[in-house]
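See below for the structure under consideration.
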Amino acid sequence: MAKKEELRQEFIRTPEVVPLSSNHKFFSLLVALGIQQEIGTIHDEFSVFLFDGKTGQKIPRERLRSELIEYRGYTGVRIWAEGFDDLDLRVRGLRTLLHPEFSFAEDGRIFQCVFFPEIITKIAALEGVELVSVRPWGINTVFGGFDPKKSYYQGSMWEFINLDAIRYSRLLEQKRIVFWGTHDLVSHVAGVKRSAWPELTARGKAARLLFEDYFAGLSQPAAIALVLPYALGMLLDDLAQPMNYESQSRRYVVDLLMETIRTRRIEGHSNAYLLKYPPSVEKLIFLARSDDLAKAHAEAKGLLHDLVAELHSFSILRAS
Amino acid sequence: MKNIHKTLAITGVNLIALGTGTADATTLQVITSASGNPGHVAQMSEGQLRAIEASHLEIFPTCKWGHAAFDPVQVASETLAPEVQSLYQQMS
């Protein structure tokens with residue numbers, strides 16, 4: 001614990017957003033720690049895609065183990081599953097992030113998973129993408145009073161959203177991916193491709209400009225004004241996942257959300273109190289994720305109309 | 001959108017419901033009471049009310065940022081590009 005506190009003290013002195021390559025050894029240790037801490041917990045996204053190569057069955061999360069390792073000056077993380085020696089990773093691109101010598105048996109089986117964040121950072125760079133540290137997110141995850149049983153965001157997550165939305169869109173604009181844990185590893189880095197980034201960059205820039213204008217002069221918008229940006233940020237995060245690079249239905253709903261925010265049907269500066277989270281958000285997200293463009297064309301505008309109507313009808317202003 | 005404002009009286013404080021929907025000012029009073037704040041809305045600070053609002057607005061678990069938004073797929077063996085092989089060789 002003393003060592004971790006020392007790391008935290010050093011970490012809080014780093015810039016808010018900085019490439020991992022600026023201090024490969026230090027940040028590789030933090031990333032390896034972030035991944036190692038999540039393995040086997042509810043935050044473990046790696047386990048979601050881990051199957052038994054022999055039976056085809058999902059490997060229970062509780063069987064996973066992990067430890068930090070060091071090899072010739074490189075810090076990494078070793079992950080294995082108790083009682084399983086044939087691991088099937090069901091995400092495209094994840095195998096190429098494994099250290100081949102330490103992860104594969106001679107017959108081609110994956111018997112354990114060994115990752116070195118420094119090497120992964122260089123693999124991403126080959127695709128023109130920069131892996132970065134975002135300090136507030138690192139504090140919230142790797143060092144944030146980490147409780148494996150709890151969600152990262154506790155209660156007041158609305159305080160984070162506007163800053164996160166702007167920060168996230170700026171990262172996209174700059175071809176940057178934050179790399180702190182299993183979600184980033186599995187969903188964003190595995191399978192990363194240079195060809196997807198011109199569009200992601202353009203979308204990131206457009207969203208960043210939109211948010212800056214929408215929230216101009218505000219440090220803490222009300223929750224009612226954050227629902228649409230949150231949904232937009234979430235779908236941009238979806239599109240930045242290589243498995244979703246080609247998702248036309250997401251692209252369509254992203255465009256509609258941007259248009260709805262732009263037209264101020266919900267004011268960015270609204271100070272109403274939102275009494276209920278609008279259920280149409282979930283329907284809209286499901287529709288975007290359906291990968292059914294015809295259905296999205298048919299239903300998305302109506303759902304967005306309903307969503308705006310719910311935001312109005314579920315909110316109240318204090319008169320004075 | 002042109003909002004229709006409806007003034008609702010609630011024990012000493014006027015609240016305005018926005019839009020044409022069903023927002024009920026008493027809901028806020030119920031929420032504040034359930035949050036351990038039995039006082040009237042009128043007596044609460046902006047910060048108190050915002051904290052109560054944030055604490056009860058639970059985002060649906062299926063709609064949380066930062067999760068994989070795809071299903072597992074079976075993957076055939078993947079070949080390392082020469083540049084990637086080179087990175088691993090440099091470690092040895």
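Lettering and numbering for the structure tokens are positional, with chains as A, B, ... in the shown order, residues counted from 1 in each chain, and ligands counted from 1 in the shown order.
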Next on the checklist: Would you pick out the contacts of Glu38 in chain A at 8 Å or less, using only C-alpha atoms, so that residues sharing its chain but fewer than 3 positions from it are not included, and give the list as a list in words?
Outcome noted: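 The residues that qualify are Gly34, Ile35, Thr41, Ile42, His43, Asp44, Pro148, Gly181 and Thr182 of chain A.
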Checklist entry - Quick one: DSSP strand (DSSP E) residues in range 1-235 of chain A, as a ChimeraX atom specification? => result /A:17-19,50-52,64-71,74-81,87-89,113-115,130-134,176-178
Requested write-out: C-alpha atoms of the selected residues, as a PDB file, in the first residue's frame:
ATOM      1  CA  VAL A  17      -3.730  14.587 -20.180  1.00  0.00           C
ATOM      2  CA  VAL A  18      -0.379  13.226 -21.246  1.00  0.00           C
ATOM      3  CA  PRO A  19       0.852  10.534 -23.656  1.00  0.00           C
ATOM      4  CA  LEU A  50     -12.908 -15.028 -22.176  1.00  0.00           C
ATOM      5  CA  PHE A  51     -14.123 -18.531 -23.056  1.00  0.00           C
ATOM      6  CA  ASP A  52     -12.844 -22.041 -22.515  1.00  0.00           C
ATOM      7  CA  LEU A  64      -9.452 -15.414 -13.023  1.00  0.00           C
ATOM      8  CA  ARG A  65      -6.212 -14.456 -11.325  1.00  0.00           C
ATOM      9  CA  SER A  66      -3.691 -11.748 -12.113  1.00  0.00           C
ATOM     10  CA  GLU A  67      -0.355 -10.416 -10.998  1.00  0.00           C
ATOM     11  CA  LEU A  68       2.085  -7.718 -11.955  1.00  0.00           C
ATOM     12  CA  ILE A  69       5.237  -8.940 -13.623  1.00  0.00           C
ATOM     13  CA  GLU A  70       8.522  -7.461 -14.705  1.00  0.00           C
ATOM     14  CA  TYR A  71      10.660  -8.653 -17.615  1.00  0.00           C
ATOM     15  CA  TYR A  74       9.191  -3.892 -18.846  1.00  0.00           C
ATOM     16  CA  THR A  75       6.269  -3.972 -16.435  1.00  0.00           C
ATOM     17  CA  GLY A  76       3.338  -6.136 -17.418  1.00  0.00           C
ATOM     18  CA  VAL A  77       0.371  -8.064 -16.164  1.00  0.00           C
ATOM     19  CA  ARG A  78      -0.139 -11.828 -16.218  1.00  0.00           C
ATOM     20  CA  ILE A  79      -3.701 -13.142 -16.258  1.00  0.00           C
ATOM     21  CA  TRP A  80      -4.695 -16.762 -15.956  1.00  0.00           C
ATOM     22  CA  ALA A  81      -7.786 -18.814 -15.134  1.00  0.00           C
ATOM     23  CA  LEU A  87      -8.193 -19.660 -23.305  1.00  0.00           C
ATOM     24  CA  ASP A  88     -10.341 -18.388 -26.154  1.00  0.00           C
ATOM     25  CA  LEU A  89     -10.358 -14.578 -26.443  1.00  0.00           C
ATOM     26  CA  CYS A 113      -2.431 -13.804 -21.078  1.00  0.00           C
ATOM     27  CA  VAL A 114       0.618 -11.601 -20.675  1.00  0.00           C
ATOM     28  CA  PHE A 115       0.348  -7.945 -21.632  1.00  0.00           C
ATOM     29  CA  GLU A 130      -1.731   7.772 -29.141  1.00  0.00           C
ATOM     30  CA  LEU A 131      -2.530   6.108 -25.826  1.00  0.00           C
ATOM     31  CA  VAL A 132      -2.748   8.650 -23.040  1.00  0.00           C
ATOM     32  CA  SER A 133      -3.191   9.145 -19.329  1.00  0.00           C
ATOM     33  CA  VAL A 134      -6.187  11.220 -18.288  1.00  0.00           C
ATOM     34  CA  ARG A 176      -6.029   9.710 -28.519  1.00  0.00           C
ATOM     35  CA  ILE A 177      -7.311   6.819 -26.446  1.00  0.00           C
ATOM     36  CA  VAL A 178      -7.147   6.734 -22.685  1.00  0.00           C
TER      37      VAL A 178
END
Item to check | Residue contacts of range 96-98 of chain A (10 Å, only C-alpha atoms) excluding same-chain residues fewer than 5 positions away, as number ranges by chain | outcome: A: 78, 103-104, 110, 112-117, 119-121, 123-124, 185-186, 189-191; B: 77-81, 84-85, 88
Checklist entry - With only C-alpha atoms as the basis for distance, which of A:Arg8, A:Arg109, A:Lys54, A:Lys276 is at the shortest distance from chain B? => result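 Of all the options, A:Lys276 lies closest to chain B.
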Next on the checklist: Give me, as a PyMOL selection string, the residues of range 44-238 of chain A that a backbone DSSP run labels helix (DSSP H, G or I).
Outcome noted: chain A and resi 47-49+61-63+95-97+100-103+117-126+135-141+158-173+182-189+194-214+223-238
Selected residues written out, C-alpha atoms, as an mmCIF file, in the first residue's frame:
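The resulting file, result17.cif, is shown below:
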data_model
loop_
_atom_site.group_PDB
_atom_site.id
_atom_site.type_symbol
_atom_site.label_atom_id
_atom_site.label_comp_id
_atom_site.auth_asym_id
_atom_site.auth_seq_id
_atom_site.Cartn_x
_atom_site.Cartn_y
_atom_site.Cartn_z
ATOM 1 C CA SER A 47 -13.477 -11.695 -18.518
ATOM 2 C CA VAL A 48 -16.609 -10.897 -20.541
ATOM 3 C CA PHE A 49 -14.819 -12.106 -23.650
ATOM 4 C CA ARG A 61 -14.949 -14.373 -13.686
ATOM 5 C CA GLU A 62 -14.222 -15.721 -10.227
ATOM 6 C CA ARG A 63 -11.685 -18.149 -11.699
ATOM 7 C CA ARG A 95 -4.401 -11.761 -29.517
ATOM 8 C CA THR A 96 -1.939 -9.421 -31.185
ATOM 9 C CA LEU A 97 -1.583 -7.548 -27.900
ATOM 10 C CA PRO A 100 3.528 -14.332 -27.954
ATOM 11 C CA GLU A 101 6.237 -16.212 -26.126
ATOM 12 C CA PHE A 102 4.670 -15.981 -22.673
ATOM 13 C CA SER A 103 1.046 -16.444 -23.693
ATOM 14 C CA PRO A 117 1.403 -1.807 -21.735
ATOM 15 C CA GLU A 118 4.559 -0.235 -23.122
ATOM 16 C CA ILE A 119 4.482 -2.561 -26.120
ATOM 17 C CA ILE A 120 0.733 -2.080 -26.522
ATOM 18 C CA THR A 121 1.282 1.681 -26.600
ATOM 19 C CA LYS A 122 3.760 1.194 -29.430
ATOM 20 C CA ILE A 123 1.395 -1.122 -31.319
ATOM 21 C CA ALA A 124 -1.325 1.559 -31.153
ATOM 22 C CA ALA A 125 1.184 4.131 -32.393
ATOM 23 C CA LEU A 126 1.759 1.965 -35.464
ATOM 24 C CA ARG A 135 -5.373 12.041 -14.705
ATOM 25 C CA PRO A 136 -8.884 12.594 -13.307
ATOM 26 C CA TRP A 137 -10.018 9.265 -14.732
ATOM 27 C CA GLY A 138 -6.902 7.535 -13.419
ATOM 28 C CA ILE A 139 -7.514 8.968 -9.972
ATOM 29 C CA ASN A 140 -11.110 7.816 -10.177
ATOM 30 C CA THR A 141 -10.176 4.284 -11.221
ATOM 31 C CA TRP A 158 -23.648 14.223 -13.054
ATOM 32 C CA GLU A 159 -20.848 16.441 -11.831
ATOM 33 C CA PHE A 160 -18.459 14.666 -14.158
ATOM 34 C CA ILE A 161 -20.459 14.467 -17.310
ATOM 35 C CA ASN A 162 -19.997 17.820 -18.975
ATOM 36 C CA LEU A 163 -16.277 17.842 -18.405
ATOM 37 C CA ASP A 164 -15.979 14.251 -19.491
ATOM 38 C CA ALA A 165 -18.009 14.834 -22.638
ATOM 39 C CA ILE A 166 -15.783 17.720 -23.701
ATOM 40 C CA ARG A 167 -12.631 15.913 -22.667
ATOM 41 C CA TYR A 168 -13.650 12.746 -24.467
ATOM 42 C CA SER A 169 -14.526 14.479 -27.727
ATOM 43 C CA ARG A 170 -11.200 16.312 -27.606
ATOM 44 C CA LEU A 171 -9.377 13.004 -27.207
ATOM 45 C CA LEU A 172 -11.119 11.679 -30.306
ATOM 46 C CA GLU A 173 -10.255 14.828 -32.200
ATOM 47 C CA THR A 182 -9.660 -3.684 -19.044
ATOM 48 C CA HIS A 183 -12.344 -1.672 -20.868
ATOM 49 C CA ASP A 184 -9.755 0.387 -22.703
ATOM 50 C CA LEU A 185 -7.701 -2.699 -23.498
ATOM 51 C CA VAL A 186 -10.532 -4.872 -24.763
ATOM 52 C CA SER A 187 -12.942 -2.372 -26.278
ATOM 53 C CA HIS A 188 -10.742 0.412 -27.630
ATOM 54 C CA VAL A 189 -7.182 -0.747 -28.174
ATOM 55 C CA ARG A 194 -5.739 3.744 -38.687
ATOM 56 C CA SER A 195 -8.434 3.785 -41.385
ATOM 57 C CA ALA A 196 -11.222 4.510 -38.869
ATOM 58 C CA TRP A 197 -9.666 7.634 -37.429
ATOM 59 C CA PRO A 198 -10.268 10.325 -40.028
ATOM 60 C CA GLU A 199 -14.001 9.983 -39.370
ATOM 61 C CA LEU A 200 -13.601 9.658 -35.593
ATOM 62 C CA THR A 201 -11.393 12.736 -35.563
ATOM 63 C CA ALA A 202 -13.976 14.740 -37.476
ATOM 64 C CA ARG A 203 -16.783 13.587 -35.192
ATOM 65 C CA GLY A 204 -14.702 14.364 -32.122
ATOM 66 C CA LYS A 205 -14.014 17.886 -33.316
ATOM 67 C CA ALA A 206 -17.643 18.529 -34.213
ATOM 68 C CA ALA A 207 -18.808 17.253 -30.811
ATOM 69 C CA ARG A 208 -16.176 19.236 -28.917
ATOM 70 C CA LEU A 209 -17.172 22.484 -30.652
ATOM 71 C CA LEU A 210 -20.838 21.728 -30.032
ATOM 72 C CA PHE A 211 -20.327 21.046 -26.307
ATOM 73 C CA GLU A 212 -18.150 24.123 -25.816
ATOM 74 C CA ASP A 213 -20.837 26.280 -27.374
ATOM 75 C CA TYR A 214 -23.728 24.539 -25.604
ATOM 76 C CA ALA A 223 -28.653 17.348 -15.055
ATOM 77 C CA ILE A 224 -31.448 18.115 -17.510
ATOM 78 C CA ALA A 225 -28.909 19.667 -19.883
ATOM 79 C CA LEU A 226 -26.549 16.709 -19.562
ATOM 80 C CA VAL A 227 -28.792 13.870 -20.663
ATOM 81 C CA LEU A 228 -28.431 14.441 -24.415
ATOM 82 C CA PRO A 229 -24.662 15.127 -24.266
ATOM 83 C CA TYR A 230 -24.242 12.032 -22.144
ATOM 84 C CA ALA A 231 -26.047 9.896 -24.714
ATOM 85 C CA LEU A 232 -23.975 11.459 -27.473
ATOM 86 C CA GLY A 233 -20.729 10.844 -25.592
ATOM 87 C CA MET A 234 -21.724 7.269 -24.982
ATOM 88 C CA LEU A 235 -22.393 6.616 -28.656
ATOM 89 C CA LEU A 236 -19.131 8.308 -29.639
ATOM 90 C CA ASP A 237 -17.431 5.927 -27.213
ATOM 91 C CA ASP A 238 -19.261 3.089 -28.975
#
Next on the checklist: I need the residue nearest Val253 in chain A from this list: A:Ile12, A:Ile39, A:Ala272, A:Ala298. Use only C-alpha atoms for the distance.
Outcome noted: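 Under the stated criterion, the closest residue is A:Ala298.
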Item to check | Counting only C-alpha atoms, the option among A:Leu293, A:Val142, A:Leu218, A:Val281 closest to chain B | outcome: A:Val281
